[in-house]
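The file query_20.txt contains compact mmCIF, C-alpha atoms:
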# COMPACT_ATOMS: atom_id res chain seq x y z
CA MET A 1 7.34 -61.83 -82.44
CA ALA A 2 5.62 -64.19 -84.84
CA ARG A 3 8.89 -64.71 -86.67
CA VAL A 4 10.62 -65.59 -83.41
CA LEU A 5 7.90 -68.11 -82.53
CA ALA A 6 8.05 -69.60 -86.01
CA TYR A 7 11.84 -69.91 -85.75
CA VAL A 8 11.55 -71.61 -82.36
CA HIS A 9 8.86 -73.91 -83.74
CA VAL A 10 11.03 -74.90 -86.70
CA LYS A 11 14.13 -75.34 -84.57
CA GLY A 12 12.10 -77.43 -82.13
CA LYS A 13 11.02 -79.72 -84.95
CA GLU A 14 14.59 -80.00 -86.19
CA SER A 15 15.83 -80.84 -82.67
CA ALA A 16 13.14 -83.48 -82.21
CA ARG A 17 14.00 -84.93 -85.61
CA SER A 18 17.69 -84.99 -84.67
CA VAL A 19 16.89 -86.81 -81.45
CA ARG A 20 14.76 -89.34 -83.32
CA ASP A 21 17.50 -89.85 -85.90
CA MET A 22 20.10 -90.33 -83.17
CA LEU A 23 17.90 -92.84 -81.35
CA SER A 24 17.24 -94.75 -84.57
CA LEU A 25 20.98 -95.03 -85.19
CA GLU A 26 21.56 -96.37 -81.68
CA ARG A 27 18.65 -98.80 -81.79
CA LYS A 28 19.73 -102.41 -81.52
CA ARG A 29 18.95 -105.02 -84.11
CA VAL A 30 16.96 -108.15 -83.36
CA PRO A 31 18.98 -111.32 -82.60
CA GLU A 32 20.64 -112.91 -85.62
CA THR A 33 18.91 -115.77 -87.38
CA LYS A 34 21.09 -118.58 -86.04
CA LEU A 35 20.18 -117.65 -82.44
CA ARG A 36 16.42 -117.60 -82.98
CA VAL A 37 14.29 -120.43 -81.61
CA TYR A 38 10.98 -118.67 -82.42
CA ASP A 39 10.25 -115.83 -84.83
CA LEU A 40 6.52 -115.11 -84.66
CA ASN A 41 4.10 -112.36 -85.68
CA LEU A 42 1.76 -112.01 -82.69
CA GLU A 43 -0.13 -109.34 -80.80
CA MET A 44 1.03 -107.48 -77.70
CA GLN A 45 -1.16 -105.49 -75.33
CA LEU A 46 -0.13 -101.83 -75.08
CA ASN A 47 -2.33 -99.22 -73.38
CA ARG A 48 -5.11 -101.84 -73.15
CA GLN A 49 -5.07 -102.34 -76.90
CA TRP A 50 -3.73 -105.31 -78.85
CA GLN A 51 -1.09 -104.26 -81.37
CA PRO A 52 0.84 -106.41 -83.86
CA ARG A 53 4.40 -107.17 -82.89
CA ARG A 54 7.21 -109.41 -84.06
CA VAL A 55 8.33 -111.67 -81.20
CA ILE A 56 11.72 -113.40 -81.39
CA VAL A 57 12.78 -115.88 -78.71
CA THR A 58 16.34 -117.04 -78.07
CA LYS A 59 17.78 -119.03 -75.19
CA ASP A 60 18.68 -115.79 -73.42
CA LEU A 61 15.99 -113.23 -74.24
CA VAL A 62 12.68 -112.33 -75.81
CA SER A 63 13.01 -109.58 -78.42
CA PHE A 64 10.20 -107.33 -79.69
CA SER A 65 10.07 -105.34 -82.91
CA PHE A 66 7.50 -103.96 -85.28
CA THR A 67 6.12 -106.46 -87.77
CA GLY A 68 8.43 -106.77 -90.76
CA ARG A 69 11.19 -104.71 -89.11
CA ASP A 70 14.61 -105.71 -87.77
CA ASP A 71 14.99 -102.86 -85.26
CA GLN A 72 14.57 -104.10 -81.70
CA ILE A 73 12.23 -101.84 -79.73
CA ASP A 74 12.29 -103.80 -76.46
CA HIS A 75 13.57 -107.04 -74.97
CA ILE A 76 13.29 -109.23 -71.88
CA PRO A 77 16.39 -110.96 -70.46
CA LEU A 78 15.10 -114.42 -69.53
CA LYS A 79 17.30 -114.55 -66.42
CA GLU A 80 15.16 -111.69 -65.03
CA VAL A 81 11.74 -113.30 -65.61
CA ASP A 82 9.69 -113.96 -62.46
CA TYR A 83 7.13 -116.24 -64.06
CA VAL A 84 5.34 -117.15 -67.30
CA LYS A 85 1.66 -118.15 -67.30
CA PRO A 86 -1.61 -117.94 -69.24
CA TRP A 87 -3.35 -114.61 -68.71
CA ARG A 88 -6.70 -112.96 -68.67
CA ASP A 89 -7.57 -109.31 -68.08
CA GLY A 90 -8.05 -108.64 -64.37
CA SER A 91 -6.09 -111.67 -63.12
CA SER A 92 -3.87 -110.99 -60.14
CA GLY A 93 -0.42 -111.46 -61.79
CA ARG A 94 1.78 -111.87 -58.75
CA ALA A 95 -0.46 -114.32 -56.93
CA ASN A 96 1.17 -117.35 -58.53
CA LYS A 97 4.77 -116.11 -58.73
CA ALA A 98 6.23 -119.54 -57.99
CA ALA A 99 4.20 -121.31 -60.67
CA PHE A 100 5.31 -121.06 -64.26
CA ALA A 101 2.24 -122.64 -65.80
CA PRO A 102 -1.09 -122.44 -63.89
CA SER A 103 -4.22 -124.16 -65.17
CA ASN A 104 -6.03 -123.02 -68.29
CA SER A 105 -8.82 -121.53 -66.16
CA CYS A 106 -6.91 -118.23 -66.36
CA ILE A 107 -7.89 -117.87 -70.01
CA ASP A 108 -10.45 -115.19 -70.82
CA SER A 109 -12.29 -115.72 -74.09
CA GLU A 110 -12.25 -111.96 -74.68
CA HIS A 111 -8.47 -112.00 -74.99
CA GLY A 112 -8.09 -115.30 -76.78
CA PHE A 113 -5.05 -117.38 -75.96
CA SER A 114 -2.88 -114.91 -74.07
CA LEU A 115 0.36 -115.21 -72.15
CA GLN A 116 1.81 -113.10 -69.35
CA ILE A 117 5.57 -112.67 -68.87
CA ALA A 118 6.32 -111.01 -65.52
CA THR A 119 9.78 -109.55 -64.91
CA CYS A 120 11.59 -108.88 -61.64
CA LYS A 121 11.50 -105.35 -60.22
CA THR A 122 15.28 -105.02 -59.99
CA GLY A 123 15.98 -106.08 -63.57
CA HIS A 124 16.18 -104.40 -66.96
CA ASN A 125 12.39 -104.18 -67.34
CA GLY A 126 11.72 -102.90 -63.81
CA GLY A 127 8.97 -105.38 -62.89
CA ARG A 128 6.87 -104.77 -65.99
CA SER A 129 4.53 -107.50 -67.20
CA TYR A 130 4.21 -108.28 -70.90
CA TYR A 131 0.99 -109.66 -72.40
CA ILE A 132 1.11 -111.54 -75.70
CA ARG A 133 -1.85 -112.97 -77.63
CA PHE A 134 -1.55 -116.06 -79.83
CA HIS A 135 -3.56 -117.44 -82.69
CA THR A 136 -4.13 -120.88 -81.16
CA LYS A 137 -3.94 -122.53 -77.75
CA GLU A 138 -1.33 -124.99 -79.03
CA GLU A 139 0.90 -122.14 -80.18
CA ARG A 140 0.67 -120.45 -76.80
CA ASP A 141 1.26 -123.63 -74.80
CA ASP A 142 4.24 -124.57 -76.94
CA LEU A 143 5.94 -121.20 -76.44
CA MET A 144 5.06 -121.15 -72.74
CA SER A 145 6.67 -124.56 -72.22
CA THR A 146 9.79 -123.47 -74.08
CA LEU A 147 10.04 -120.19 -72.18
CA THR A 148 9.71 -122.07 -68.89
CA ARG A 149 12.73 -124.22 -69.75
CA PHE A 150 14.73 -121.28 -71.10
CA VAL A 151 14.03 -119.14 -68.01
CA THR A 152 15.18 -121.93 -65.69
CA SER A 153 18.37 -122.46 -67.73
CA ALA A 154 19.09 -118.73 -67.96
CA LYS A 155 18.76 -118.34 -64.19
CA LYS A 156 21.15 -121.24 -63.62
CA ARG A 157 23.71 -119.74 -66.01
CA ALA A 158 23.40 -116.36 -64.32
CA ALA A 159 23.88 -117.93 -60.88
CA ALA A 160 26.95 -119.86 -62.07
CA ASN A 161 28.39 -116.69 -63.61
CA THR A 162 27.84 -114.87 -60.31
CA VAL A 163 29.76 -117.57 -58.42
CA PHE A 164 32.60 -117.34 -60.96
CA LYS A 165 32.75 -113.54 -60.66
CA LYS A 166 32.84 -113.67 -56.88
CA ALA A 167 35.64 -116.26 -56.90
CA GLN A 168 37.53 -114.27 -59.52
CA LEU A 169 37.28 -111.10 -57.44
CA LYS A 170 38.70 -112.87 -54.37
CA VAL A 171 41.59 -114.32 -56.36
CA ARG A 172 42.28 -110.94 -57.98
CA ASN A 173 42.40 -109.21 -54.61
CA LEU A 174 44.82 -111.88 -53.40
CA TYR A 175 46.98 -111.61 -56.52
CA GLU A 176 47.19 -107.82 -56.34
CA SER A 177 47.79 -107.72 -52.57
CA ILE A 178 51.12 -106.38 -51.30
CA PRO A 179 52.13 -109.63 -49.49
CA PHE A 180 51.57 -111.73 -52.63
CA GLN A 181 53.43 -109.28 -54.85
CA ALA A 182 56.29 -109.08 -52.32
CA LEU A 183 56.54 -112.88 -52.23
CA MET A 184 56.68 -113.13 -56.00
CA ALA A 185 59.27 -110.35 -56.20
CA ALA A 186 61.45 -112.23 -53.67
CA LEU A 187 61.13 -115.45 -55.70
CA ILE A 188 62.02 -113.67 -58.93
CA ALA A 189 65.03 -112.11 -57.23
CA ALA A 190 66.08 -115.52 -55.94
CA ASN A 191 65.66 -116.97 -59.43
CA PHE A 192 67.79 -114.13 -60.78
CA GLY A 193 70.49 -114.96 -58.23
CA CYS A 194 70.45 -118.64 -59.22
CA THR A 195 70.80 -117.64 -62.87
CA ILE A 196 73.91 -115.58 -62.00
CA VAL A 197 75.42 -118.47 -60.03
CA GLU A 198 74.71 -120.88 -62.87
CA THR A 199 76.36 -118.53 -65.35
CA GLN A 200 79.43 -117.95 -63.18
CA PHE A 201 79.97 -121.64 -62.43
CA ILE A 202 78.89 -123.08 -65.75
CA GLU A 203 82.04 -125.22 -66.03
CA GLN A 204 81.38 -126.82 -62.64
CA MET A 205 77.82 -127.82 -63.65
CA THR A 206 78.99 -131.06 -65.30
CA ASN A 207 81.58 -133.74 -64.56
CA GLU A 208 84.35 -134.75 -66.92
CA ASP A 209 82.24 -137.63 -68.25
CA GLY A 210 79.43 -135.21 -69.18
CA SER A 211 77.08 -136.13 -66.34
CA ASP A 212 75.63 -133.50 -64.02
CA SER A 213 77.72 -132.63 -60.99
CA ASP A 214 76.20 -132.09 -57.56
CA LEU A 215 76.02 -128.37 -58.30
CA GLY A 216 74.40 -129.08 -61.66
CA ARG A 217 71.76 -131.34 -60.11
CA ASN A 218 71.02 -128.77 -57.42
CA MET A 219 70.66 -125.97 -59.98
CA ASN A 220 68.40 -128.14 -62.13
CA SER A 221 66.20 -128.83 -59.09
CA LEU A 222 66.02 -125.11 -58.34
CA ASN A 223 65.15 -124.35 -61.96
CA LEU A 224 62.34 -126.89 -61.83
CA PHE A 225 61.09 -125.41 -58.54
CA PHE A 226 61.01 -121.86 -59.96
CA THR A 227 59.34 -123.05 -63.14
CA VAL A 228 56.54 -124.74 -61.16
CA VAL A 229 56.11 -121.67 -58.94
CA PHE A 230 55.96 -119.26 -61.88
CA THR A 231 53.53 -121.55 -63.69
CA ALA A 232 51.21 -121.50 -60.67
CA GLU A 233 51.56 -117.72 -60.46
CA LEU A 234 50.70 -117.42 -64.16
CA ALA A 235 47.59 -119.60 -63.64
CA VAL A 236 46.47 -117.38 -60.75
CA ASN A 237 47.05 -114.29 -62.88
CA GLY A 238 45.09 -115.81 -65.76
CA PHE A 239 42.10 -116.64 -63.56
CA ALA A 240 42.15 -113.29 -61.75
CA HIS A 241 42.18 -111.32 -65.01
CA TYR A 242 40.29 -113.74 -67.29
CA LEU A 243 40.02 -113.20 -70.24
CA TYR A 244 40.64 -109.97 -72.14
CA PRO A 245 42.49 -108.07 -69.36
CA PHE A 246 44.99 -110.94 -69.41
CA ILE A 247 45.51 -111.49 -73.13
CA TYR A 248 45.70 -107.75 -73.87
CA ASN A 249 48.38 -107.20 -71.23
CA GLY A 250 51.83 -107.32 -72.79
CA TRP A 251 53.58 -108.30 -69.56
CA SER A 252 51.19 -111.22 -69.05
CA ILE A 253 51.91 -112.51 -72.55
CA LEU A 254 55.64 -112.13 -71.91
CA ASP A 255 55.27 -114.05 -68.63
CA ALA A 256 53.45 -116.84 -70.47
CA PHE A 257 56.19 -117.03 -73.12
CA VAL A 258 58.99 -117.12 -70.55
CA VAL A 259 57.24 -119.83 -68.52
CA ALA A 260 56.68 -121.88 -71.69
CA MET A 261 60.35 -121.56 -72.64
CA SER A 262 61.35 -122.51 -69.10
CA TRP A 263 59.38 -125.74 -69.39
CA VAL A 264 61.09 -126.43 -72.71
CA SER A 265 64.49 -126.05 -71.05
CA VAL A 266 63.43 -128.33 -68.18
CA ILE A 267 61.92 -131.07 -70.36
CA ASP A 268 64.24 -131.07 -73.36
CA THR A 269 67.61 -132.03 -71.86
CA SER A 270 69.08 -132.96 -75.24
CA GLN A 271 69.70 -129.32 -76.14
CA SER A 272 73.17 -127.84 -76.01
CA THR A 273 74.30 -126.05 -72.87
CA GLY A 274 74.24 -122.72 -74.68
CA SER A 275 70.61 -123.15 -75.77
CA ILE A 276 69.52 -124.06 -72.25
CA ARG A 277 71.30 -121.03 -70.84
CA VAL A 278 69.53 -118.74 -73.33
CA LEU A 279 66.13 -120.21 -72.47
CA ARG A 280 66.70 -119.96 -68.73
CA ALA A 281 68.01 -116.41 -69.09
CA LEU A 282 64.53 -115.43 -70.31
CA ARG A 283 63.29 -115.84 -66.75
CA VAL A 284 65.22 -112.71 -65.83
CA ILE A 285 62.94 -110.73 -68.16
CA ARG A 286 60.05 -111.63 -65.85
CA LEU A 287 61.69 -109.45 -63.19
CA PHE A 288 61.26 -106.42 -65.42
CA GLY A 289 57.72 -107.53 -66.24
CA ARG A 290 56.83 -107.24 -62.56
CA VAL A 291 58.04 -103.64 -62.31
CA LYS A 292 55.18 -101.20 -62.73
This entry written out as structure tokens:
Amino acid sequence: MARVLAYVHVKGKESARSVRDMLSLERKRVPETKLRVYDLNLEMQLNRQWQPRRVIVTKDLVSFSFTGRDDQIDHIPLKEVDYVKPWRDGSSGRANKAAFAPSNSCIDSEHGFSLQIATCKTGHNGGRSYYIRFHTKEERDDLMSTLTRFVTSAKKRAAANTVFKKAQLKVRNLYESIPFQALMAALIAANFGCTIVETQFIEQMTNEDGSDSDLGRNMNSLNLFFTVVFTAELAVNGFAHYLYPFIYNGWSILDAFVVAMSWVSVIDTSQSTGSIRVLRALRVIRLFGRVK
């Protein structure tokens, strides 16, 4: 029985060590040097005791690590900060949520020059408040002022990104809808038909003096119309699937190439008839690009 318990004890230690090793491998590093605005060795209150911590501030987050280490043990996304203010033990934290920097009367001499960073309940930190102690009042006030500006900027960037995502989702739903896809398929089919007509009546496209005939001018107008339409469709596709879903999609890249070549054939009229026909024939490939 003792051997069994000893085996379980050893295996338990090995499992715990394996878990710790796995967590250490997955632990993130602190932000790289070029992103750092502040890199300070301060004190952080944990379990009502002040403990030394390395505090790194960027324009997007506050990163915490052990002093002299590069492994990040915690971080605060600045877009999720409720408020930043001077702090003393026993102060009501949430009373001044709207104010970023209350008066210095909040300072308790027992805790030196301390700062409270309160996070929102729905964010990464779950509403936790962080308490940091500085060496001097000037050091604390300087970082508090900077954090105030960074928090405001981070919130604005997050709001703008949310608006972009919402607009992108609406455009994507429109682009992938059956009516839109049916319309584009009909236009591609019509473009395919025009290409066949142009090929069959290539000799009637120009007059004897080399100028465009009525049929030639009409076909050129149709080619310009389809090129504009497919360019607009490509722009909608690019916005709806910006960025990596678009550039890593082979059909999207093919569409972009065909549209670019179509514009070349429309703009550069000095090319030979054969070259123009080859460039315009590439539009037909877009029909196969639409088939899924």
Nearest candidate to A:Ser221 (options A:Val266, A:Trp251, A:Phe164, A:Pro245; using only C-alpha atoms): A:Val266
Between atom CA of A:Lys59 and atom CA of A:Val37 - distance in Å to one decimal: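 If I compute the distance from atom CA of A:Val37 to atom CA of A:Lys59, I get 7.4 Å.
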d(atom CA of A:Arg29, atom CA of A:Trp50) in Å: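 Distance reported for this atom pair: 23.3 Å.
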Nearby residues (only C-alpha atoms) at most 12 Å from A:Leu78, same-chain spacing under 4 positions excluded, as a PyMOL selection string: chain A and resi 57-63+82-84+117-120+123-125+146-158
For the residues in the current selection, export C-alpha atoms as a short mmCIF file (atom, residue, chain, number, x, y, z; two decimals), in the frame of the given file.
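Printed below is selection.cif as written:
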data_model
loop_
_atom_site.label_atom_id
_atom_site.label_comp_id
_atom_site.auth_asym_id
_atom_site.auth_seq_id
_atom_site.Cartn_x
_atom_site.Cartn_y
_atom_site.Cartn_z
CA VAL A 57 12.78 -115.88 -78.71
CA THR A 58 16.34 -117.04 -78.07
CA LYS A 59 17.78 -119.03 -75.19
CA ASP A 60 18.68 -115.79 -73.42
CA LEU A 61 15.99 -113.23 -74.24
CA VAL A 62 12.68 -112.33 -75.81
CA SER A 63 13.01 -109.58 -78.42
CA ASP A 82 9.69 -113.96 -62.46
CA TYR A 83 7.13 -116.24 -64.06
CA VAL A 84 5.34 -117.15 -67.30
CA ILE A 117 5.57 -112.67 -68.87
CA ALA A 118 6.32 -111.01 -65.52
CA THR A 119 9.78 -109.55 -64.91
CA CYS A 120 11.59 -108.88 -61.64
CA GLY A 123 15.98 -106.08 -63.57
CA HIS A 124 16.18 -104.40 -66.96
CA ASN A 125 12.39 -104.18 -67.34
CA THR A 146 9.79 -123.47 -74.08
CA LEU A 147 10.04 -120.19 -72.18
CA THR A 148 9.71 -122.07 -68.89
CA ARG A 149 12.73 -124.22 -69.75
CA PHE A 150 14.73 -121.28 -71.10
CA VAL A 151 14.03 -119.14 -68.01
CA THR A 152 15.18 -121.93 -65.69
CA SER A 153 18.37 -122.46 -67.73
CA ALA A 154 19.09 -118.73 -67.96
CA LYS A 155 18.76 -118.34 -64.19
CA LYS A 156 21.15 -121.24 -63.62
CA ARG A 157 23.71 -119.74 -66.01
CA ALA A 158 23.40 -116.36 -64.32
#
Please determine an axis-aligned box that encloses all atoms of stretch 29-43 of chain A listed in the file, with 6 Å added on each side, and express its centre and edge lengths in Å to one decimal as JSON.
{"center_x": 10.5, "center_y": -112.7, "center_z": -84.1, "size_x": 33.2, "size_y": 27.4, "size_z": 18.6}
Among the residues A:Ile202, A:Leu174, A:Leu115, A:Ala256, the one that comes closest to A:Ala240 [using all atoms listed in the file]: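 Looking at the shortest contact to A:Ala240, the residue is A:Leu174.
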Proximity to A:Arg128 - best of A:His241, A:His75, A:Arg217, A:Lys166, all atoms listed in the file: A:His75
Gap from atom CA of A:Ser211 to atom CA of A:Ile188 - Å, one decimal: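 These two atoms are separated by 28.0 Å.
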12 Å contact set for A:Arg53, only C-alpha atoms, chain neighbours under 4 positions out, as a list of chain:residue names: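 With the cut-off at 12 Å, the set is A:Asp39, A:Leu40, A:Asn41, A:Leu42, A:Glu43, A:Met44, A:Gln45, A:Leu46, A:Ser63, A:Phe64, A:Ser65, A:Phe66, A:Thr67, A:Gly68, A:Arg69, A:Asp70, A:Asp71, A:Gln72, A:Ile73, A:Asp74, A:Tyr131, A:Ile132, A:Arg133, A:Phe134.
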